[in-house]
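Structure data follow from structure36.pdb (PDB, C-alpha atoms, pLDDT in the B column):
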```
ATOM      1  CA  MET A1028     -13.676  18.127 205.400  1.00 39.00           C
ATOM      2  CA  GLN A1029     -11.627  19.659 208.147  1.00 39.00           C
ATOM      3  CA  TYR A1030     -12.401  19.279 211.853  1.00 42.00           C
ATOM      4  CA  LEU A1031     -11.510  21.621 214.671  1.00 45.00           C
ATOM      5  CA  ILE A1032     -11.557  21.142 218.423  1.00 45.00           C
ATOM      6  CA  ASP A1033     -13.345  23.701 220.569  1.00 46.00           C
ATOM      7  CA  ILE A1034     -12.768  23.743 224.319  1.00 44.00           C
ATOM      8  CA  VAL A1035     -15.790  24.788 226.362  1.00 47.00           C
ATOM      9  CA  THR A1036     -15.941  24.575 230.154  1.00 46.00           C
ATOM     10  CA  GLY A1037     -13.191  21.981 230.247  1.00 48.00           C
ATOM     11  CA  LYS A1038     -14.822  19.696 227.664  1.00 46.00           C
ATOM     12  CA  HIS A1039     -13.496  19.085 224.164  1.00 45.00           C
ATOM     13  CA  TYR A1040     -15.937  19.268 221.291  1.00 45.00           C
ATOM     14  CA  ILE A1041     -15.259  18.620 217.641  1.00 45.00           C
ATOM     15  CA  TYR A1042     -17.148  20.568 215.027  1.00 49.00           C
ATOM     16  CA  ALA A1043     -17.055  20.501 211.259  1.00 51.00           C
ATOM     17  CA  MET A1044     -15.387  23.096 209.113  1.00 52.00           C
ATOM     18  CA  THR A1045     -17.451  23.611 205.971  1.00 50.00           C
ATOM     19  CA  ASN A1046     -15.875  23.554 202.531  1.00 54.00           C
ATOM     20  CA  ASP A1047     -15.833  27.357 202.443  1.00 52.00           C
ATOM     21  CA  GLY A1048     -13.836  27.535 205.685  1.00 51.00           C
ATOM     22  CA  VAL A1049     -16.714  28.543 207.971  1.00 53.00           C
ATOM     23  CA  PRO A1050     -16.874  26.613 211.238  1.00 60.00           C
ATOM     24  CA  ASN A1051     -20.157  24.920 212.054  1.00 76.00           C
ATOM     25  CA  ARG A1052     -20.832  24.791 215.789  1.00 90.00           C
ATOM     26  CA  LEU A1053     -24.387  23.490 215.502  1.00 93.00           C
ATOM     27  CA  LYS A1054     -23.602  20.120 217.060  1.00 91.00           C
ATOM     28  CA  LEU A1055     -21.889  21.800 220.010  1.00 90.00           C
ATOM     29  CA  ALA A1056     -24.898  24.084 220.544  1.00 94.00           C
ATOM     30  CA  ARG A1057     -27.323  21.149 220.216  1.00 94.00           C
ATOM     31  CA  VAL A1058     -25.418  19.034 222.749  1.00 93.00           C
ATOM     32  CA  GLU A1059     -25.231  21.961 225.190  1.00 93.00           C
ATOM     33  CA  ARG A1060     -29.059  22.136 225.069  1.00 96.00           C
ATOM     34  CA  ASN A1061     -29.333  18.341 225.535  1.00 96.00           C
ATOM     35  CA  LEU A1062     -31.194  17.969 222.232  1.00 96.00           C
ATOM     36  CA  THR A1063     -31.026  15.044 219.856  1.00 97.00           C
ATOM     37  CA  GLN A1064     -30.841  15.695 216.134  1.00 96.00           C
ATOM     38  CA  ALA A1065     -34.475  14.597 215.873  1.00 98.00           C
ATOM     39  CA  GLU A1066     -35.602  16.970 218.632  1.00 98.00           C
ATOM     40  CA  LEU A1067     -33.794  19.933 217.082  1.00 98.00           C
ATOM     41  CA  ALA A1068     -35.165  19.033 213.664  1.00 98.00           C
ATOM     42  CA  GLU A1069     -38.709  19.038 215.026  1.00 98.00           C
ATOM     43  CA  LEU A1070     -38.179  22.422 216.696  1.00 98.00           C
ATOM     44  CA  VAL A1071     -37.032  24.045 213.439  1.00 98.00           C
ATOM     45  CA  GLY A1072     -39.244  22.142 210.994  1.00 98.00           C
ATOM     46  CA  VAL A1073     -36.747  19.997 209.085  1.00 98.00           C
ATOM     47  CA  THR A1074     -35.764  16.324 209.064  1.00 97.00           C
ATOM     48  CA  ARG A1075     -33.182  14.721 211.326  1.00 97.00           C
ATOM     49  CA  GLN A1076     -31.140  13.983 208.210  1.00 97.00           C
ATOM     50  CA  THR A1077     -30.981  17.701 207.401  1.00 96.00           C
ATOM     51  CA  ILE A1078     -29.586  18.454 210.859  1.00 96.00           C
ATOM     52  CA  GLY A1079     -27.003  15.694 210.383  1.00 94.00           C
ATOM     53  CA  LEU A1080     -25.955  17.120 207.027  1.00 93.00           C
ATOM     54  CA  ILE A1081     -25.628  20.645 208.425  1.00 92.00           C
ATOM     55  CA  GLU A1082     -23.568  19.389 211.376  1.00 90.00           C
ATOM     56  CA  GLY A1083     -21.324  17.438 209.021  1.00 87.00           C
ATOM     57  CA  GLY A1084     -20.788  20.372 206.663  1.00 85.00           C
ATOM     58  CA  GLY A1085     -22.593  18.662 203.782  1.00 89.00           C
ATOM     59  CA  TYR A1086     -25.471  21.130 203.540  1.00 89.00           C
ATOM     60  CA  ASN A1087     -25.549  24.923 203.698  1.00 88.00           C
ATOM     61  CA  PRO A1088     -28.805  26.012 205.338  1.00 92.00           C
ATOM     62  CA  THR A1089     -30.778  29.027 204.193  1.00 93.00           C
ATOM     63  CA  LEU A1090     -30.661  32.195 206.265  1.00 94.00           C
ATOM     64  CA  ASN A1091     -34.208  31.495 207.429  1.00 96.00           C
ATOM     65  CA  LEU A1092     -33.172  28.050 208.705  1.00 96.00           C
ATOM     66  CA  CYS A1093     -30.032  29.496 210.301  1.00 95.00           C
ATOM     67  CA  LEU A1094     -32.208  31.947 212.236  1.00 96.00           C
ATOM     68  CA  ARG A1095     -34.516  29.144 213.418  1.00 97.00           C
ATOM     69  CA  LEU A1096     -31.499  27.079 214.488  1.00 97.00           C
ATOM     70  CA  ALA A1097     -30.077  30.041 216.395  1.00 96.00           C
ATOM     71  CA  ARG A1098     -33.357  30.601 218.233  1.00 97.00           C
ATOM     72  CA  ALA A1099     -33.770  26.911 219.049  1.00 98.00           C
ATOM     73  CA  THR A1100     -30.243  26.602 220.441  1.00 97.00           C
ATOM     74  CA  GLY A1101     -30.167  29.972 222.205  1.00 97.00           C
ATOM     75  CA  LYS A1102     -27.148  31.061 220.166  1.00 95.00           C
ATOM     76  CA  THR A1103     -26.472  33.923 217.792  1.00 94.00           C
ATOM     77  CA  LEU A1104     -25.717  33.393 214.114  1.00 92.00           C
ATOM     78  CA  ASP A1105     -22.131  34.427 214.815  1.00 89.00           C
ATOM     79  CA  GLU A1106     -21.788  31.820 217.563  1.00 90.00           C
ATOM     80  CA  LEU A1107     -23.090  29.073 215.288  1.00 91.00           C
ATOM     81  CA  PHE A1108     -21.555  29.860 211.938  1.00 83.00           C
ATOM     82  CA  TRP A1109     -19.026  32.721 212.021  1.00 80.00           C
ATOM     83  CA  ALA A1110     -15.292  32.070 211.812  1.00 66.00           C
ATOM     84  CA  GLN A1111     -13.481  33.450 214.849  1.00 64.00           C
ATOM     85  CA  GLY A1112     -11.209  36.371 214.069  1.00 60.00           C
ATOM     86  CA  ASP A1113     -13.234  37.432 211.011  1.00 51.00           C
ATOM     87  CA  THR A1114     -14.694  40.913 210.948  1.00 50.00           C
TER      88      THR A1114
END
```
As structure tokens - that is how I would like this structure written.
Amino acid sequence: MQYLIDIVTGKHYIYAMTNDGVPNRLKLARVERNLTQAELAELVGVTRQTIGLIEGGGYNPTLNLCLRLARATGKTLDELFWAQGDT
């Protein structure tokens, strides 16, 4: 697994790069909303372990789950899962 550093408002965040090369910014979005993995999991109807796996790049969520995660974090799908520079 590859990790990248994202700089947001002067803070450094590390997020996982999935095996297919798509960055996963879920942890960054969750931390920005001051949510624990358990709190986010409850909001979207999955287990805390599922959130941990998604954040670590070990699980590819369904589109339906991606949409729920985007709503819960106040982000777009592109902001959470799209590689920058891709069209």
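Among the candidate residues A:Val1073, A:Leu1092, A:Ala1097, A:Ile1081, the one lying nearest to Ala1056 (chain A) is A:Ala1097, with distances computed using only C-alpha atoms.
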Report the residues retrieved by the PyMOL selection byres ((chain A and resi 1067) around 12) from the displayed file, expressed as a PyMOL selection string.
chain A and resi 1053-1054+1056-1066+1068-1079+1081-1082+1092+1095-1101
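A straight line drawn from CA of Phe1108 (chain A) to CA of Arg1052 (chain A) is 6.4 Å long.
Going from CA of Trp1109 (chain A) to CA of Gly1085 (chain A) covers 16.7 Å.
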